[in-house]
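What follows is a set of notes on a single structure, which appears directly below.
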Amino acid sequence: MKTKARTLCWTISALFLLSFATERPAAAYADPGTGAMLWQLLAAAAVGAMFYLRKVTGWFRKKKDPEK
Amino acid sequence: MILGAAGLPSDGTAAAGADPMAIFASFRDPAGCVFTHDGRLYRIVTPAGMADLNSFLQSGAGRKWIESGRVVRTAMLAEDSSAGLLRVPEIRRLYDAIGGQAIVEHERIPFPSFPYEWAPEMLHAAGMLTLDLARDLLRDDVGLKDGTPYNVLFRGTEPVFIDLLSFERRDPADPTWVPYGQFVRTFLLPLLANLRFGLPLDQLLFTRRDGLEPEEVYRWASALQRISPGFLSLVSLPTWLASRHSQDDASIYRKKRLANPEKARFILETLINSTRRSLDRLRPKAGKTSVWSDYMESNNNYTSAHFAAKKGFVEEALATARCRNVLDVGCNTGFFSSLAARAGASVVAIDYDPVVVGEVWRQSRAEKLDILPLVVNLTRPTPGTGWLNREWSGFLDRARGRFDMVFMLAVIHHMLVTERVPLRDIIQLASELTTDALVVEFIAPDDSMFRRLTRGRDELHKDLTPALFEETCRPYFEIARTQHLENTSRWLYLLRRKPAK
């Protein structure tokens with residue numbers, strides 16, 4: 001179930017991000033770390049939203065699975 | 001005194017001569033530098049470095065990792081020992097030059113090796129170690145400053161995190177995992193390129209200190225690969241995002257702080273866990289094959305009786321010479337390395353085929369044998385590299401005189417024929433590598449494997465006989481034992497080094 005939800009989230013975000021799936025020519029002095037940093041920022045924003053979502057779902061899960 | 005670079009306990013000839021100013025120090029790290037003195041390894045730490053180091057040493061996770069040996073064992077020097085060291089003018093000068101505050105001593109890892117000498121399995125294990133460490137430290141609000149394989153060495157088959165100045169007190173409200181980009185470049189993308197394009201890690205990592213850029217891998221990928229899950233988050237999205245980002249906008253690097261530290265930690269934990277899953281998907285598969293991987297089973301000239309005789313000879317050599325440090329040149333599947341390790345030796349096993357080296361690492365790790373397998377070709381050994389070619393020492397500089405027994409079993413004919421290295425030069429190098437014993441299997445030119453290599457150029461080696469071999473060895477070695485494998489053109493020798501003239 002968890003895997004399915006993850007796949008779904010993944011597909012939706014991938015489709016969204018694919019909407020700007022073209023590479024533009026890079027010029028000299030391009031900072032090679034930029035891409036990874038931008039990707040991390042996007043991921044952090046998504047995970048940040050999950051944080052609150054998890055709090056809500058956490059109340060329900062706690063009873064079922066005492067480890068989580 | 002030898003100073004290592006980039007936090008590495010260099011054993012290399014990076015050691016300068018008489019001029020202390022020429023000593024090569026670990027210049028990349030502003031928080032301290034490494035040196036060796038009287039065979040022991042020390043690190044000078046600056047006041048800023050000390051605050052970060054203490055945050056690690058005093059954390060619960062830090063203590064646990066040092067105790068288990070997965071972070072290099074480290075002790076703060078008592079005042080009198082550190083005062084003693086500082087009476088050495090060269091150390092004093094270095095201490096003052098970087099503004100040292102304290103000296104710590106590190107355990108010495110027996111044989112330093114670098115990422116371009118590792119099998120993919122080993123790079124993977126070093127990455128797992130780095131991520132597990134980062135995740136454990138998060139709970140104690142300690143972070144990693146960087147995420148590079150140069151922070152890791154191997155003690156036998158086990159990766160050990162060695163850069164004690166990579167730690168810092170973490171701002172609990174900061175949700176950014178700073179080493180992420182470097183971790184992707186130096187661990188994930190090389191493993192991805194190795195797995196998907198078959199590019200050898202030694203070549204990728206030797207020429208690129210900071211790994212591969214997403215843009216570089218993007219250019220190699222086909223259109224379909226670019227949108228596949230393995231490439232999307234590591235390669236394609238970073239490439240697309242970066243190409244749209246204004247190059248003058250540095251705001252993405254500005255420190256971010258969240259109002260809720262619990263949320264910041266959740267974000268970091270999730271990112272580290274997802275990076276761990278990405279790494280896990282790149283785990284090299286067991287049971288790969290190469291031209292060398294089934295050599296022991298099918299591709300050699302032995303009957304089981306011959307093989308038993310060879311095994312017996314090596315076992316007896318190990319029992320007679322009682323050596324502690326063995327180098328196995330051309331280790332193949334590591335059969336003889338295992339014999340040495342089981343006899344109590346610490347073994348470095350080299351072969352140029354990454355597939356067999358990966359298998360040796362897997363096997364030795366499963367059987368808990370003290371074997372460090374490395375991808376090294378003795379006829380083209382890893383050279384010194386980095387700044388001034390002196391940051392990371394070459395293989396020979398690390399290996400000379402480091403071993404008291406060297407195995408060259410069924411390997412000399414490859415060096416003679418394929419690489420055209422003269423016999424005398426091979427024996428001379430062996431005499432520089434070992435301080436005591438050399439176990440050699442000599443193969444005469446009429447052996448079928450030898451003939452396969454000569455490809456008709458028999459004329460070149462027509463004078464090569466056991467007698468010539470022995471004569472070539474005599475200036476360097478005493479012949480302690482010899483055995484002819486019956487009905488073959490193969491001879492085994494146990495040679496003992498003569499004292500150097």
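Identifiers for the structure tokens are assigned positionally: chains receive A, B, ... in sequence, residues are indexed from 1 per chain, and ligands are indexed from 1 in the order shown.
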
- Test item: residues at most 10 Å from His414 in chain B, only C-alpha atoms, excluding those fewer than 5 positions along its chain, as a PyMOL selection string: chain B and resi 330+379+419-421+443+449-450+453-454

- Query: So which residues touch Leu494 in chain B within 8 Å, counting only C-alpha atoms, skipping near sequence neighbours fewer than 5 positions away, as number ranges by chain?
  - Reply: B: 317, 437-440, 479-482

- Task: Find, counting only C-alpha atoms, the residue in A:Ala45, A:Lys55, A:Thr34, A:Ala5 that gets nearest to chain B.
- Result: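 Looking at the shortest contact to chain B, the residue is A:Thr34.
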
- Message: When you look at Asn151 in chain B with a cut-off of 6 Å (counting only C-alpha atoms), what residues show up, excluding the ones that are within fewer than 4 positions of it in the same chain? I need them as number ranges by chain.
- Response: B: 161-163

- Leaving out Asp96 in chain B and any residue of its chain fewer than 6 positions from it, which residues lie within 12 Å of it when counting only C-alpha atoms, given as a PyMOL selection string? chain B and resi 32-33+44-46+86+89-90+102

Determine, using only C-alpha atoms, which residues of chain B have any atom at most 6 Å from an atom of chain A, and tabulate each with its shortest atom pair and distance in Å to one decimal place, rows ordered by chain and then rising number, as CSV.
```
residue,atom,partner,partner_atom,distance
B:Gly181,CA,A:Ala36,CA,5.2
B:Pro238,CA,A:Gly35,CA,3.8
B:Thr239,CA,A:Gly35,CA,5.7
B:Trp240,CA,A:Glu23,CA,5.2
B:Leu241,CA,A:Gly35,CA,5.6
B:Ala242,CA,A:Gly35,CA,4.3
B:Ser243,CA,A:Arg24,CA,5.3
B:Ile267,CA,A:Val47,CA,5.8
```

- Query: Hey, which of B:Leu189, B:Ala259, B:Ala500, B:Ala349 ends up closest to Asp370 in chain B? Count only C-alpha atoms.
  - Reply: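 Smallest separation from Asp370 in chain B among the options: B:Ala349.
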
- Please give the complete set of residues from range 284-487 of chain B that DSSP, run on the backbone, assigns to helix (DSSP H, G or I), formatted as a PyMOL selection string. chain B and resi 295-298+304-321+335-342+354-366+387-389+395-399+412-418+423-433+448-454+458-461+466-473

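As for CA of Glu213 in chain B and CA of Leu164 in chain B, they are spaced 26.5 Å apart.
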
- Return as a count of residues only the full set of residues in range 197-433 of chain B whose backbone-based DSSP assignment is strand (DSSP E or B). 24

- Task: Please identify all polymer residues within 12 Å of Cys323 in chain B, counting only C-alpha atoms, omitting same-chain residues fewer than 4 positions from it, and present them as a PyMOL selection string.
- Result: chain B and resi 315-319+327+340-341+343-347+402-407+434-439+496

Take the residues just selected and output them with C-alpha atoms as a CSV table (one decimal), in the first residue's frame.
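Saved as result-v5.csv:
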```csv
chain,number,residue,atom,x,y,z
B,315,GLU,CA,50.7,-23.4,2.8
B,316,GLU,CA,54.1,-24.7,3.7
B,317,ALA,CA,55.7,-21.4,2.6
B,318,LEU,CA,53.3,-19.5,4.8
B,319,ALA,CA,54.1,-21.9,7.7
B,327,LEU,CA,50.8,-8.9,-1.1
B,340,ALA,CA,47.4,-16.4,3.8
B,341,ALA,CA,44.6,-14.7,5.7
B,343,ALA,CA,47.3,-18.5,8.3
B,344,GLY,CA,47.0,-15.2,10.2
B,345,ALA,CA,48.4,-12.7,7.7
B,346,SER,CA,47.0,-9.3,6.8
B,347,VAL,CA,46.6,-9.4,3.0
B,402,ARG,CA,55.3,-2.8,3.3
B,403,PHE,CA,55.1,-6.6,2.9
B,404,ASP,CA,57.1,-9.5,4.3
B,405,MET,CA,55.7,-11.9,1.7
B,406,VAL,CA,54.7,-11.3,-1.9
B,407,PHE,CA,52.8,-13.9,-4.0
B,434,THR,CA,58.9,-7.7,0.0
B,435,THR,CA,61.2,-7.4,3.0
B,436,ASP,CA,61.5,-11.2,3.3
B,437,ALA,CA,59.7,-13.9,1.2
B,438,LEU,CA,58.6,-14.1,-2.4
B,439,VAL,CA,56.5,-17.0,-3.6
B,496,ARG,CA,64.0,-15.3,0.7
```
